[in-house]
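This report concerns only the one structure given below.
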Amino acid sequence: MEIKTVKKARNRIIWIILLSILCLILISFLPWISIEENDFVKGNLHLNYEMMKGSSNTDIFILSKSLSNINILFWILVLITLISFILLISYLLVKKLKIIEILNLIISFLIFSLLIFIIYFQIMFSRSIDEIDYITASMIHYPFAYPYIEFIFSIILLIFSGLYSLNLTTDFIKQYKKQPLQKNGDVKEIEEQKLPDINIEEKLRDKLKESENIKTTINSDMDLKIAEIDELLEKKEIVKNNDNFDEKPPEQERDIAIKIEPTSDKTDIEDKVEEREINDKKNENELEEKDILKDPFPHKEKKEKIEESDEIRQSEHFEKALSSAIERKQSDMKLKKSEKKDEKNNNKVEANNGNSIVVFQTEKIQLEKKGNKINKIFSLKCPGCNQIFPYNKEKNTQKITCPNCGKKGKTEKEI
Amino acid sequence: MTEGEEDKTEEPQKHEEKKSNISKEKILDESFKKAELLKKGPTIKKEEPVIAKKPIMKIGLVITFIAIIGLLFINFLPLMYIYYETDLGSIEEYFSYNDIRFDLIEPEEINNIFESSCNNCSHNSDYYFGVTKNDLINSPRITIYIFIILALIGIIFTIYILIDRKKDFSDETNTIVQSFFIVFLMILSIYLLSINLKFLDSHLFFELNKPFIFAMGFNRLRIFFLMPYFSILISFVLFCIGLVFMKIYLNRAVNQFNVKKSKRSEVSYRFGSNI
């Protein structure tokens, strides 16, 4: 049951109890009929239920029987509503019992049907009064009679009981739709099965488990592939080592490169550089081959998964494979740097002679804010006198001149 | 310096050293204690938990008390007060329950109010008040029985509460059992009301059927049913108590139901955008 329906049921059951008790008391309290007397006293004699019961008049006695039926029905109604009250309390406190809910539902329908019977008997009673000439319904004020009070209250009761039974039935149907009954006939617990969140949770868990299973299968496949690749690489490396056994090791080559003077024989250096370039290309090709061997079926998703799962293995493998190549590259870089330095020295020599344009080295770049504009101020170093001087690119459009030695030139970037 | 003099000079020095050592030890102990206190924090006096006993519900005792008062008043209060005036004279009398039971009502005219003298009445009623002599005898008798039953119910209720105090039943069982008691109380109070309300109803019929009553020879007539009024009052009080307790138990049950549901909703997992 939902809380809203419970609260509604609580209010309605109390109203039903109150109204049914009121109706029960009204039966013995109200004057039901009046008789026209024309003997020694002329007037209407009013009779209540007790007076009708004790009357020697047969017509009045028959009428009292129908009233006694109504009275008994009201007593049954009061007792049933009180039972319903106990059932409602026990259902709210001991929720596991589905039988209580069903019983309460049945009782609510019983109350409704009883009230229909009561109203029917009341209508019959008023009709039988109309049939007898000397008996009329006792009037408060014409045309409103006392029995109408009972009738109105019983109609209100009928409405309340109808709402009560409707409330319970709608809730019961909702629950029945949500929670199917077990095959054995036992009723499942509402709380555990009712919430839809739990189903979603289970579904998500299943999905996660499935994904984990897929991952593990992929990992196992990948492990096998990597092992094969490792074997292949080892074989290749062994073959390579055998081929290059006669050649000098890379460390010795590097020593030779350092020993060679760059200024003395330019042709030798060029040859060496060419050789290095060829070697580099070879190395690159080898790496590509290795990559192809590692990923014979390059799928994007699989690659990602491999990276996620076996990052450490991959890195170790690459370190082993590329260590020799990295050493060679480092030696090349050193050679290139030494060549660049030689070129710069040559330029400086040319500047000293005064025939060519001097190249000023940029030491620092500072930023200045002027309004919305930002100016770059370079601090340049003269190659002739090593003087450092500031230079604003936007202000000075002419060629740069050293303030110390007066040499003209350009910045590195302009060249 | 001789040896004796040296000893004399050494003794006070040793004494002073001892004193200083003792004072140092004391200071060390104090500082150690302070450090311990700082480490542990201020000592909290552990108070023993106060185990509150279940409060005794006095409603059972109240019901028994009301029922006993009702029984006492039924015996002591007069059932009826009558004042009437006829051409012959006026009579003002109080009649107890025993007077009516043993047919000690005098004069005969009073009997005529509750019993019609008409032997072969075809159309009119046998009596005009809505209260017969049988009612005057039976209703107090039934009310006495009901009061005895009510007193017993109250006693059983208190016994149950005393047992509950020792056995400590759950709230659910308590509310269900107590609601059963309340339902019994309600039924009895309704029955009491329906029995005794006819005496109150007689005033309405006295007004409605006035011409017929005065045709019997009364110039003035006043009737008060003292004991039934009192029993109506008691039964109404009991009815109200029952109704209030019904409401209380229902609210309690709804609250417990609500709390359990809200707890369940807190405990249950909810999957949102985070996953």
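Following the order of the structure tokens, first chain is A, next is B, and so on, with residues numbered from 1 inside each chain and ligands from 1 in the order they appear.
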
Could you go through region 196-256 of chain B and tell me which residues DSSP, when run on the backbone, assigns to strand (DSSP E or B), listing them as a PDB file with N, CA and C atoms, in the first residue's frame?
ATOM      1  N   ARG B 220     -50.043  19.209  35.037  1.00  0.00           N
ATOM      2  CA  ARG B 220     -48.589  19.489  34.846  1.00  0.00           C
ATOM      3  C   ARG B 220     -47.818  18.190  35.062  1.00  0.00           C
ATOM      4  N   LEU B 221     -46.762  18.029  34.266  1.00  0.00           N
ATOM      5  CA  LEU B 221     -45.965  16.793  34.412  1.00  0.00           C
ATOM      6  C   LEU B 221     -44.471  17.069  34.132  1.00  0.00           C
ATOM      7  N   ARG B 222     -43.635  16.602  35.055  1.00  0.00           N
ATOM      8  CA  ARG B 222     -42.166  16.715  34.864  1.00  0.00           C
ATOM      9  C   ARG B 222     -41.557  15.361  35.205  1.00  0.00           C
ATOM     10  N   ILE B 223     -40.750  14.838  34.267  1.00  0.00           N
ATOM     11  CA  ILE B 223     -40.068  13.555  34.522  1.00  0.00           C
ATOM     12  C   ILE B 223     -38.568  13.706  34.200  1.00  0.00           C
ATOM     13  N   PHE B 224     -37.746  13.258  35.118  1.00  0.00           N
ATOM     14  CA  PHE B 224     -36.281  13.221  34.897  1.00  0.00           C
ATOM     15  C   PHE B 224     -35.777  11.837  35.262  1.00  0.00           C
TER      16      PHE B 224
END

Find the residues of chain A that sit at most 9 Å from chain B; for each, write down the nearest two atoms and how far apart they are in Å, to one decimal. Count only C-alpha atoms. Sort by chain, then by number going up, and give it as CSV.
residue,atom,partner,partner_atom,distance
A:Glu2,CA,B:Lys261,CA,8.9
A:Ile3,CA,B:Asn258,CA,6.5
A:Val6,CA,B:Val254,CA,7.0
A:Lys7,CA,B:Val254,CA,7.1
A:Arg10,CA,B:Leu250,CA,6.7
A:Asn11,CA,B:Lys247,CA,9.0
A:Ile14,CA,B:Lys247,CA,7.5
A:Leu18,CA,B:Leu243,CA,8.5
A:Ile21,CA,B:Ile190,CA,7.2
A:Leu24,CA,B:Ser194,CA,7.8
A:Ile25,CA,B:Ser194,CA,5.6
A:Leu26,CA,B:Ser194,CA,8.8
A:Ser28,CA,B:Lys198,CA,6.8
A:Phe29,CA,B:Asp201,CA,5.9
A:Leu30,CA,B:Asp201,CA,8.0
A:Pro31,CA,B:Phe205,CA,8.0
A:Ile35,CA,B:Asn124,CA,7.1
A:Glu36,CA,B:Asn124,CA,8.5
A:Glu37,CA,B:Asn124,CA,7.0
A:Phe40,CA,B:Ala215,CA,8.4
A:Val41,CA,B:Phe212,CA,6.5
A:Lys42,CA,B:Pro211,CA,8.5
A:Gly43,CA,B:Pro211,CA,7.8
A:Asn44,CA,B:Asn209,CA,7.7
A:Leu45,CA,B:Asn209,CA,5.9
A:His46,CA,B:Asn209,CA,6.5
A:Leu47,CA,B:Gly130,CA,7.3
A:Asn48,CA,B:Gly130,CA,6.6
A:Tyr49,CA,B:Gly130,CA,8.4
A:Glu50,CA,B:Gly130,CA,6.4
A:Met51,CA,B:Gly130,CA,5.5
A:Met52,CA,B:Ser125,CA,7.8
A:Gly54,CA,B:Asp126,CA,7.4
A:Ser55,CA,B:Ser125,CA,5.6
A:Ser56,CA,B:Cys121,CA,7.0
A:Asn57,CA,B:Ser122,CA,5.7
A:Thr58,CA,B:Ser122,CA,8.6
A:Ile60,CA,B:His123,CA,8.9
A:Val78,CA,B:Ile187,CA,8.4
A:Leu79,CA,B:Ile187,CA,7.8
A:Leu82,CA,B:Val183,CA,6.5
A:Ile83,CA,B:Val183,CA,8.3
A:Phe85,CA,B:Leu250,CA,8.1
A:Ile86,CA,B:Ser179,CA,6.6
A:Leu88,CA,B:Leu250,CA,8.2
A:Ile89,CA,B:Ala253,CA,5.9
A:Ser90,CA,B:Ile176,CA,6.2
A:Tyr91,CA,B:Ala253,CA,8.9
A:Leu92,CA,B:Phe257,CA,5.7
A:Leu93,CA,B:Glu172,CA,5.6
A:Val94,CA,B:Glu172,CA,7.3
A:Lys95,CA,B:Phe257,CA,8.4
A:Tyr134,CA,B:His123,CA,8.7
A:Glu191,CA,B:Arg264,CA,7.8
A:Leu195,CA,B:Ser268,CA,8.2
A:Asp197,CA,B:Arg270,CA,6.0
A:Ile198,CA,B:Tyr269,CA,6.9
A:Ile200,CA,B:Phe271,CA,7.8
A:Glu201,CA,B:Phe271,CA,7.3

Legend entry - Surrounding residues of Cys402 (chain A) excluding itself and chain neighbours under 4 positions, 8 Å, only C-alpha atoms, as a VMD selection string: chain A and resid 382 387 389 406 to 408

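In this model, the gap between CA of Thr136 (chain A) and CA of Ser113 (chain A) comes to 28.7 Å.
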
Inset, instruction - Name all residues at most 12 Å from Phe73 (chain B) (count only C-alpha atoms; drop same-chain ones fewer than 6 positions away) and give them as a count of residues only. - result: 16

Legend entry - Close residues, region 360-365 of chain A itself excluded, 7 Å, only C-alpha atoms, min 6 positions apart in chain, as number ranges by chain: A: 376-383, 409-412
